[in-house]
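See below for structure.cif, which holds mmCIF, C-alpha atoms.
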```cif
data_work
loop_
_atom_site.label_atom_id
_atom_site.label_comp_id
_atom_site.auth_asym_id
_atom_site.auth_seq_id
_atom_site.Cartn_x
_atom_site.Cartn_y
_atom_site.Cartn_z
CA MET A 1 12.19 16.52 -55.35
CA GLN A 2 15.78 16.22 -56.58
CA ILE A 3 17.28 13.28 -54.74
CA GLU A 4 20.99 13.23 -54.12
CA ARG A 5 23.00 10.05 -54.47
CA ASP A 6 25.01 8.88 -51.49
CA THR A 7 28.64 8.52 -52.57
CA ARG A 8 30.20 8.48 -49.11
CA GLY A 9 32.59 5.63 -48.46
CA SER A 10 36.11 4.46 -49.10
CA GLU A 11 38.12 1.88 -51.00
CA LEU A 12 39.49 -0.88 -48.79
CA GLY A 13 41.24 -2.96 -51.43
CA PRO A 14 40.66 -4.60 -54.81
CA ASN A 15 36.88 -4.87 -55.33
CA GLN A 16 36.28 -3.93 -51.72
CA TYR A 17 34.43 -0.72 -51.05
CA GLU A 18 32.93 0.34 -47.78
CA ASP A 19 29.82 2.55 -47.62
CA ALA A 20 29.01 5.09 -44.91
CA GLU A 21 27.51 2.39 -42.67
CA GLY A 22 30.46 0.04 -43.05
CA TYR A 23 28.88 -2.45 -45.45
CA ILE A 24 31.42 -3.84 -47.91
CA ALA A 25 30.64 -4.61 -51.57
CA PRO A 26 32.57 -4.94 -54.87
CA LEU A 27 31.28 -1.58 -56.15
CA PRO A 28 31.82 1.92 -54.73
CA ALA A 29 28.88 3.59 -53.02
CA GLY A 30 26.81 5.57 -55.52
CA PHE A 31 27.70 3.35 -58.45
CA GLY A 32 25.03 1.44 -60.48
CA PRO A 33 23.02 -0.86 -58.24
CA ARG A 34 24.71 0.63 -55.17
CA SER A 35 22.79 3.90 -55.59
CA ASN A 36 21.28 4.97 -52.30
CA PRO A 37 19.56 8.28 -51.65
CA LEU A 38 21.27 10.70 -49.30
CA GLY A 39 18.92 12.38 -46.84
CA ASP A 40 15.17 12.47 -47.40
CA PHE A 41 13.69 10.44 -50.23
CA PRO A 42 10.13 9.57 -51.23
CA THR A 43 8.61 6.57 -49.48
CA GLY A 44 5.22 6.60 -51.19
CA PRO A 45 1.77 6.63 -49.60
CA GLU A 46 1.64 7.50 -45.93
CA VAL A 47 0.55 5.59 -42.85
CA GLY A 48 -3.21 6.05 -42.46
CA GLN A 49 -3.87 6.09 -46.22
CA ARG A 50 -5.34 3.16 -48.09
CA LEU A 51 -2.67 1.27 -50.04
CA PRO A 52 -3.15 2.22 -53.72
CA ASP A 53 -4.45 -0.48 -56.05
CA VAL A 54 -1.85 -2.99 -57.15
CA ILE A 55 -3.05 -4.98 -60.15
CA THR A 56 -0.42 -6.81 -62.16
CA LEU A 57 0.88 -10.21 -63.25
CA GLY A 58 1.96 -12.72 -60.64
CA SER A 59 4.75 -15.27 -61.10
CA ASP A 60 2.25 -17.90 -62.31
CA GLY A 61 1.15 -15.61 -65.16
CA ASN A 62 -2.27 -14.79 -63.68
CA ASN A 63 -3.43 -11.28 -63.05
CA VAL A 64 -3.40 -10.45 -59.32
CA ASP A 65 -5.46 -7.67 -57.75
CA LEU A 66 -3.81 -7.30 -54.35
CA HIS A 67 -6.80 -5.90 -52.48
CA ALA A 68 -9.21 -8.50 -53.92
CA ASP A 69 -6.69 -11.30 -53.42
CA ARG A 70 -6.03 -10.60 -49.75
CA ASN A 71 -9.77 -11.06 -49.21
CA GLY A 72 -10.15 -8.88 -46.15
CA GLN A 73 -6.95 -10.12 -44.49
CA PRO A 74 -4.12 -7.85 -43.33
CA ALA A 75 -1.17 -7.96 -45.67
CA ILE A 76 2.43 -6.97 -46.25
CA LEU A 77 3.65 -5.58 -49.56
CA VAL A 78 7.42 -5.65 -50.07
CA PHE A 79 9.03 -3.59 -52.82
CA THR A 80 12.33 -5.26 -53.59
CA ARG A 81 15.03 -4.53 -56.14
CA SER A 82 15.17 -7.78 -58.02
CA ALA A 83 14.76 -11.51 -57.60
CA VAL A 84 17.52 -11.96 -60.18
CA TRP A 85 20.48 -10.02 -58.81
CA MET B 1 5.68 -18.00 -43.78
CA PRO B 2 3.76 -20.21 -41.31
CA ALA B 3 4.13 -17.38 -38.80
CA PHE B 4 2.56 -14.90 -41.24
CA GLU B 5 -0.26 -17.33 -41.99
CA ALA B 6 -0.80 -17.83 -38.26
CA ALA B 7 -1.07 -14.05 -37.97
CA GLY B 8 -3.80 -14.23 -40.66
CA ALA B 9 -1.79 -12.12 -43.09
CA LYS B 10 -0.87 -12.36 -46.76
CA LEU B 11 2.59 -11.53 -48.08
CA TYR B 12 3.28 -9.97 -51.48
CA VAL B 13 6.68 -9.18 -52.99
CA LEU B 14 6.90 -6.89 -56.01
CA SER B 15 9.93 -6.30 -58.22
CA TYR B 16 10.68 -5.15 -61.76
CA ASP B 17 11.51 -8.70 -62.88
CA GLU B 18 9.73 -10.59 -65.68
CA ILE B 19 7.35 -13.34 -64.63
CA ASP B 20 9.63 -16.16 -65.85
CA ALA B 21 12.42 -14.91 -63.56
CA LEU B 22 9.98 -14.80 -60.65
CA ALA B 23 8.72 -18.29 -61.45
CA ASP B 24 12.32 -19.58 -61.45
CA PHE B 25 13.03 -17.90 -58.14
CA LYS B 26 9.86 -19.35 -56.69
CA SER B 27 10.64 -22.91 -57.72
CA ALA B 28 14.31 -22.60 -56.69
CA HIS B 29 13.50 -21.36 -53.20
CA GLY B 30 10.12 -23.00 -52.65
CA THR B 31 8.63 -19.69 -51.64
CA THR B 32 4.91 -19.58 -50.96
CA PHE B 33 4.34 -15.82 -50.92
CA THR B 34 2.87 -14.11 -53.98
CA MET B 35 5.48 -12.62 -56.31
CA LEU B 36 4.30 -9.72 -58.45
CA SER B 37 5.92 -8.56 -61.67
CA ASP B 38 6.22 -4.88 -62.65
CA PRO B 39 8.65 -5.06 -65.61
CA ASP B 40 8.04 -1.47 -66.78
CA SER B 41 8.10 -0.13 -63.20
CA GLU B 42 4.54 1.24 -63.61
CA ILE B 43 3.43 0.40 -60.07
CA ILE B 44 6.78 1.50 -58.67
CA ARG B 45 6.25 4.89 -60.38
CA ALA B 46 2.60 5.08 -59.29
CA PHE B 47 3.75 4.68 -55.68
CA GLY B 48 6.32 7.43 -56.30
CA ILE B 49 9.25 5.30 -55.14
CA LEU B 50 11.27 4.87 -58.35
CA ASN B 51 14.98 5.18 -57.55
CA THR B 52 15.71 8.40 -59.44
CA THR B 53 19.37 8.47 -58.42
CA ILE B 54 19.94 5.95 -61.23
CA ALA B 55 20.15 7.42 -64.73
CA GLU B 56 17.59 6.25 -67.28
CA ASP B 57 20.32 4.85 -69.55
CA ASP B 58 22.12 3.03 -66.74
CA HIS B 59 21.08 -0.49 -67.74
CA PRO B 60 19.92 -2.69 -66.20
CA TRP B 61 19.66 -0.92 -62.87
CA TYR B 62 17.21 1.77 -63.94
CA GLY B 63 13.65 0.95 -62.90
CA ILE B 64 14.24 -0.35 -59.40
CA PRO B 65 12.36 1.15 -56.45
CA TYR B 66 13.68 2.50 -53.21
CA PRO B 67 13.13 -0.81 -51.45
CA GLY B 68 10.63 -0.80 -48.62
CA VAL B 69 7.73 -2.52 -46.95
CA TYR B 70 4.12 -1.50 -46.35
CA VAL B 71 2.04 -3.16 -43.64
CA MET B 72 -1.75 -2.86 -44.04
CA ASP B 73 -4.74 -3.89 -41.97
CA GLY B 74 -7.80 -5.84 -43.15
CA GLU B 75 -9.27 -2.66 -44.65
CA GLY B 76 -6.15 -2.04 -46.70
CA ILE B 77 -5.11 0.97 -44.62
CA ILE B 78 -1.34 1.34 -44.22
CA THR B 79 -0.52 0.92 -40.52
CA GLU B 80 3.27 1.03 -40.78
CA LYS B 81 5.95 1.29 -43.43
CA PHE B 82 9.64 0.55 -43.38
CA PHE B 83 12.11 2.37 -45.63
CA GLU B 84 15.82 2.98 -45.00
CA ASN B 85 18.30 4.90 -47.12
CA ASN B 86 20.67 1.96 -47.41
CA PHE B 87 19.24 -0.69 -49.74
CA THR B 88 21.45 -3.28 -48.05
CA VAL B 89 19.17 -3.12 -45.05
CA ARG B 90 15.70 -4.61 -44.81
CA PRO B 91 13.32 -5.38 -41.98
CA GLY B 92 13.38 -8.90 -40.56
CA PRO B 93 10.26 -11.03 -40.18
CA GLU B 94 10.05 -10.47 -36.41
CA GLN B 95 9.70 -6.77 -37.05
CA LEU B 96 6.98 -7.24 -39.66
CA LEU B 97 5.04 -9.61 -37.43
CA ALA B 98 5.20 -7.09 -34.60
CA ALA B 99 3.84 -4.45 -36.98
CA LEU B 100 0.99 -6.76 -38.03
CA LYS B 101 0.02 -7.46 -34.45
CA GLY B 102 0.31 -3.85 -33.35
CA GLU B 103 3.35 -2.49 -31.57
CA GLN B 104 1.88 -2.21 -28.08
CA ILE B 105 2.03 -5.93 -27.47
CA ASN B 106 3.22 -7.97 -24.51
CA LEU B 107 3.04 -5.06 -22.11
CA LEU B 108 4.60 -5.67 -18.72
CA GLU B 109 2.20 -6.61 -15.96
CA LYS B 110 1.60 -3.86 -13.47
CA GLY B 111 1.83 -4.52 -9.76
CA GLU B 112 -0.68 -3.05 -7.33
CA GLY B 113 0.35 0.42 -6.27
CA ASP B 114 3.52 0.59 -8.39
CA GLN B 115 5.24 3.92 -7.87
CA GLU B 116 8.21 3.48 -10.16
CA VAL B 117 8.59 3.06 -13.88
CA LYS B 118 9.74 -0.46 -14.75
CA VAL B 119 11.47 -1.27 -17.99
CA GLU B 120 12.32 -4.51 -19.69
CA VAL B 121 14.61 -4.61 -22.73
CA THR B 122 14.49 -7.59 -25.06
CA PHE B 123 15.98 -8.47 -28.41
CA GLU B 124 13.32 -9.78 -30.77
CA GLY B 125 14.91 -12.63 -32.70
CA ASP B 126 17.33 -15.54 -32.31
CA THR B 127 20.14 -14.32 -34.56
CA LEU B 128 21.42 -11.18 -36.24
CA PRO B 129 22.23 -11.59 -39.94
CA ALA B 130 24.12 -8.93 -41.89
CA GLY B 131 21.84 -6.24 -43.27
CA ILE B 132 18.56 -7.56 -41.89
CA THR B 133 17.12 -5.63 -39.01
CA ARG B 134 15.86 -7.09 -35.77
CA GLN B 135 14.46 -4.89 -33.06
CA LEU B 136 15.60 -4.00 -29.60
CA VAL B 137 12.36 -3.57 -27.68
CA ALA B 138 12.03 -1.51 -24.49
CA ARG B 139 8.76 -1.99 -22.64
CA PHE B 140 8.07 0.66 -20.04
CA SER B 141 5.43 0.10 -17.41
CA VAL B 142 4.32 3.54 -16.27
CA PRO B 143 2.39 4.03 -13.01
CA GLU B 144 -1.04 5.66 -13.15
CA GLY B 145 -0.81 9.45 -13.30
CA MET B 146 2.77 9.49 -14.58
CA HIS B 147 4.08 9.82 -18.08
CA LEU B 148 7.27 9.58 -20.10
CA TYR B 149 8.45 12.23 -22.52
CA GLY B 150 8.90 11.78 -26.24
CA GLN B 151 10.91 13.92 -28.67
CA PRO B 152 11.32 16.83 -28.79
CA VAL B 153 12.07 17.57 -25.14
CA PRO B 154 13.05 20.92 -23.67
CA GLU B 155 16.56 21.23 -22.31
CA GLY B 156 16.97 19.56 -18.95
CA LEU B 157 14.41 16.81 -19.55
CA VAL B 158 15.17 13.36 -20.92
CA ALA B 159 13.01 11.68 -23.57
CA ALA B 160 12.52 7.95 -23.39
CA SER B 161 14.93 6.32 -25.83
CA ILE B 162 17.08 3.31 -26.66
CA GLN B 163 20.73 4.10 -27.33
CA LEU B 164 23.55 1.90 -28.52
CA GLU B 165 27.02 2.12 -27.01
CA GLN B 166 28.99 4.70 -28.97
CA GLU B 167 31.96 2.49 -29.70
CA LEU B 168 29.97 -0.54 -30.76
CA GLU B 169 31.83 -1.78 -33.84
CA GLY B 170 29.76 -3.00 -36.75
CA ILE B 171 26.25 -2.52 -35.35
CA VAL B 172 24.09 0.05 -37.13
CA SER B 173 20.78 1.38 -35.85
CA TYR B 174 17.87 2.49 -38.03
CA THR B 175 14.59 4.43 -37.78
CA PRO B 176 13.12 4.02 -34.29
CA VAL B 177 9.49 2.93 -33.93
CA ALA B 178 7.54 4.72 -31.18
CA PRO B 179 3.89 5.41 -30.39
CA GLU B 180 2.37 8.80 -31.12
CA THR B 181 2.88 11.40 -28.45
CA SER B 182 0.26 13.86 -27.25
CA ALA B 183 0.67 17.41 -26.02
CA LEU B 184 0.52 18.06 -22.30
CA THR B 185 0.49 21.57 -20.90
CA LEU B 186 1.98 21.82 -17.42
CA ALA B 187 -0.15 23.55 -14.77
CA GLY B 188 2.80 25.34 -13.20
CA ASP B 189 4.70 27.18 -15.95
CA GLY B 190 2.39 26.62 -18.90
CA HIS B 191 5.04 24.72 -20.91
CA THR B 192 3.66 22.31 -23.46
CA LEU B 193 5.48 19.01 -23.73
CA GLN B 194 5.15 15.87 -25.85
CA VAL B 195 4.29 12.87 -23.71
CA TYR B 196 3.41 9.23 -24.16
CA GLU B 197 0.09 8.14 -22.69
CA GLY B 198 0.40 5.22 -20.27
CA ASP B 199 2.71 2.30 -20.96
CA VAL B 200 5.20 2.73 -23.76
CA VAL B 201 6.88 0.30 -26.14
CA LEU B 202 9.91 1.68 -28.01
CA ARG B 203 11.62 -0.26 -30.76
CA LEU B 204 15.04 0.30 -32.29
CA PRO B 205 15.83 -1.69 -35.43
CA VAL B 206 19.48 -2.76 -35.57
CA ALA B 207 21.56 -4.64 -38.12
CA GLN B 208 25.20 -5.66 -38.34
CA ASN B 209 27.35 -4.76 -41.33
CA GLY B 210 29.33 -7.99 -41.40
CA ARG B 211 32.32 -6.56 -39.55
CA ALA B 212 31.24 -7.06 -35.96
CA ILE B 213 31.59 -10.78 -35.93
CA GLU B 214 33.63 -12.58 -33.28
CA LYS B 215 34.41 -16.21 -33.97
CA ASP B 216 35.06 -18.93 -31.43
CA ASP B 217 34.76 -22.73 -31.30
CA GLU B 218 31.02 -22.49 -30.87
CA GLY B 219 30.24 -20.20 -33.75
CA ARG B 220 30.11 -16.63 -34.93
CA TRP B 221 28.75 -13.97 -32.64
CA VAL B 222 27.80 -10.32 -32.46
CA ARG B 223 27.38 -8.21 -29.35
CA ILE B 224 24.80 -5.46 -28.97
CA ALA B 225 24.96 -3.23 -25.92
CA GLY B 226 23.59 0.09 -24.84
CA LYS B 227 21.16 1.70 -22.47
CA VAL B 228 17.60 2.88 -22.22
CA GLN B 229 16.98 6.32 -20.78
CA TRP B 230 13.81 7.88 -19.46
CA GLN B 231 12.41 10.42 -17.09
CA ALA B 232 9.00 10.11 -15.46
CA CYS B 233 6.89 13.05 -14.44
CA ASP B 234 3.42 13.59 -13.07
CA ALA B 235 1.39 16.78 -13.41
CA GLU B 236 3.43 18.45 -10.66
CA LYS B 237 7.03 17.28 -10.71
CA CYS B 238 9.64 15.21 -12.47
CA ASP B 239 11.72 12.38 -11.06
CA ILE B 240 15.43 12.37 -11.79
CA PRO B 241 16.38 10.83 -15.17
CA GLN B 242 16.98 7.08 -15.06
CA GLU B 243 18.89 4.66 -17.21
CA GLN B 244 19.29 0.92 -17.49
CA SER B 245 21.97 -0.96 -19.44
CA PHE B 246 21.45 -3.94 -21.68
CA SER B 247 23.76 -6.35 -23.47
CA PHE B 248 23.03 -9.24 -25.81
CA ARG B 249 25.35 -11.75 -27.47
CA LEU B 250 23.76 -13.32 -30.52
CA PRO B 251 24.69 -15.76 -33.24
CA ALA B 252 25.58 -13.94 -36.47
CA ALA B 253 23.57 -15.67 -39.17
CA PHE B 254 24.30 -15.78 -42.88
CA THR B 255 22.15 -13.75 -45.22
CA VAL B 256 20.74 -15.40 -48.31
CA MET B 257 22.19 -13.23 -51.04
CA ALA B 258 21.43 -13.04 -54.74
CA ASP B 259 21.89 -16.07 -56.92
CA MET B 260 24.40 -14.61 -59.36
CA GLY B 261 27.39 -16.50 -58.10
CA PRO B 262 29.01 -18.42 -55.29
CA GLY B 263 30.12 -16.87 -52.02
CA GLU B 264 30.20 -17.61 -48.35
CA GLY B 265 26.73 -18.50 -47.20
CA ARG B 266 25.14 -18.09 -50.59
CA VAL B 267 22.69 -20.52 -52.05
CA PRO B 268 23.10 -20.54 -55.84
CA SER B 269 20.04 -22.34 -57.13
CA MET B 270 18.31 -20.42 -59.88
CA ASN B 271 19.78 -19.41 -63.18
CA GLY B 272 20.25 -15.77 -62.27
CA ALA B 273 22.89 -14.97 -64.86
CA GLN B 274 20.62 -16.00 -67.73
CA HIS B 275 17.73 -13.84 -66.50
CA PHE B 276 20.13 -10.98 -65.94
CA LYS B 277 21.37 -11.16 -69.52
CA LYS B 278 17.81 -11.21 -70.86
CA MET B 279 16.83 -8.28 -68.67
CA THR B 280 19.81 -6.23 -69.82
CA GLU B 281 19.07 -6.89 -73.49
CA ARG B 282 15.38 -6.03 -73.15
CA ARG B 283 16.17 -2.75 -71.43
CA GLN B 284 18.78 -1.73 -73.99
CA THR B 285 16.46 -2.32 -76.93
CA SER B 286 13.41 -0.69 -75.32
CA SER B 287 14.98 2.71 -74.71
#
```
With the file now loaded, output its structure as C-alpha cells.
Amino acid sequence: MQIERDTRGSELGPNQYEDAEGYIAPLPAGFGPRSNPLGDFPTGPEVGQRLPDVITLGSDGNNVDLHADRNGQPAILVFTRSAVW
Amino acid sequence: MPAFEAAGAKLYVLSYDEIDALADFKSAHGTTFTMLSDPDSEIIRAFGILNTTIAEDDHPWYGIPYPGVYVMDGEGIITEKFFENNFTVRPGPEQLLAALKGEQINLLEKGEGDQEVKVEVTFEGDTLPAGITRQLVARFSVPEGMHLYGQPVPEGLVAASIQLEQELEGIVSYTPVAPETSALTLAGDGHTLQVYEGDVVLRLPVAQNGRAIEKDDEGRWVRIAGKVQWQACDAEKCDIPQEQSFSFRLPAAFTVMADMGPGEGRVPSMNGAQHFKKMTERRQTSS
C-alpha cells in the first residue's frame, strides 16, 4: 500500500503552520516529524485477533515478554513516536 | 495509573527510543507503566505500522510508527484499537478505561412499560486538553421490540449518531465508536436494514486544537455543543426522527508536551536534547 503524506495546511506566520485540523506547530504539515498519512493507512492487527508477540527490552534493561508479563490480565499497548521528542 | 490498576489492567508503551532514554523519561516523570524499547523498529515493522511517509534517510524521524493504541482482554485478544491520521491526537485515559471495561457500560435504567426512546448525553472527563481525545457518550434506552438504525441507512431514515455543531471553532471529532449492527429484513417491503440490538451506547471522541479557548477570570474554557439524532422503528413502522441538543463548557487543560524545550505548560525535566543528539548520530552512522 502506497501511503500518501498529508501536506494540507497553511502558513500563519514565522514558525507557525496550521494543519488541516487547525493544530499549529513550527513545521509545515508533511515535513519531517509532522508526517501524517492522508486517507487510509495500516493500523496493524485487527480487533478479534490475538495481539502478536512483543518481546523486547524494557527501560530497566530486562527482557519483557508482553503476554507472559501481563500474566492473564487485560492490557493496553501504546505505540508512541518517541519519549525524547 | 491507579485507575488502570483498579481495572486490573497492565499498561505498556513502546517507542523506537534506546533504553537509557526511556529510563531517563521514567525517572523524570515517575511513570509506573512498562516502557518498551524497539530501537531498530523491528516490532513496529512486524505490526505493519511503520510510518512509511517518512523517507529512510530522513534522520532521525525515520523508524517511528503510526501512533496508536491496542486494547486486549485477558486472553490477549484485541478488543479495540485507536488510530487517527493526525499524530497530534491520542486517546485520553477515560476512553481507554471505557474500552477495557467494555463499551456498553452504565446503561440507562428502563422504566416499566417505556414506549419512547430515552437518551442521555454525557462528556466523559473533567477537562479537554489540546490533542487528547475525550468522548461524548450518548446512551440510548430502547423499548422492547424497537430498534435504532446504524449506518448505512436508506434515504429517508435517520441513523443514530452524535453530531457537533457545524460552526464549532477549534473542536475536532474523530473515529466514532459504536456497537456492531445486525441485519434486519422488514416484513412489509423486504428491505434489509442495519440495526442495533437493544440499548445502544455511541461514543464520539473529540479534541480541541488549541484555538477554541476562551479565557476569563476563572480560567480557560472550551465549549462543545451539538445534537444526537435517532429514529426508532419496530417491525411494522417507524417513528418520526428525533433529536436532542447538548452543550458542555469544560476547562481547557494543558498538554504535557515533549521535553526538548520550554513552552507554555511544558514540563522540561529530562535531558531530551542529549538523547536526541545521540539518536541522530546513531541513525546517521547505521544507514
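The smallest atom-to-atom distance between Tyr23 of chain A and any of B:Ser245, B:Thr122, B:Ser161, B:Thr88, using only C-alpha atoms, is found for B:Thr88.
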**Message:** Using all atoms listed in the file, which protein or nucleic acid residues come within 12 Å of segment 13-22 of chain A? Drop anything in the same chain fewer than 5 positions from it, and give the result as a PyMOL selection string.
**Reply:** (chain A and resi 6-8+27-31+34-36+38) or (chain B and resi 84-89+130-131+169-174+206-212)
**Item:** Selection near Asn71 of chain A, 10 Å with all atoms listed in the file, sequence-local residues under 6 positions removed, as a PyMOL selection string
**Value:** chain B and resi 10+74-75
**Request:** Let me know the residues the PyMOL selection byres ((chain A) within 8 of (chain B)) catches in the file above, as a PyMOL selection string.
**Result:** chain A and resi 3-5+21-24+32-39+41-52+54+56-61+64+67+70+72-85
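For the structure in this document, the set picked by the PyMOL selection byres ((chain B and resi 188-198) around 6) is B:Val142, B:Leu148, B:Tyr149, B:Gly150, B:Thr181, B:Ser182, B:Ala183, B:Leu184, B:Thr185, B:Leu186, B:Ala187, B:Asp199.
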**Message:** So the first atom is atom CA of Glu144 of chain B and the second is atom CA of Arg203 of chain B; what is the distance between them in Å, to one decimal place?
**Reply:** 22.5 Å
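When the PyMOL selection byres ((chain B and resi 251-253) around 8) is evaluated on the file shown here, the picked residues come out as Asp126, Thr127, Leu128, Pro129, Ala130, Ile213, Gly219, Arg220, Trp221, Val222, Arg249, Leu250, Phe254 and Thr255 of chain B.
Atom pair atom CA of Asp234 of chain B / atom CA of Phe246 of chain B: separated by 26.6 Å.
As for atom CA of Gly30 of chain B and atom CA of Pro2 of chain B, they are spaced 13.3 Å apart.
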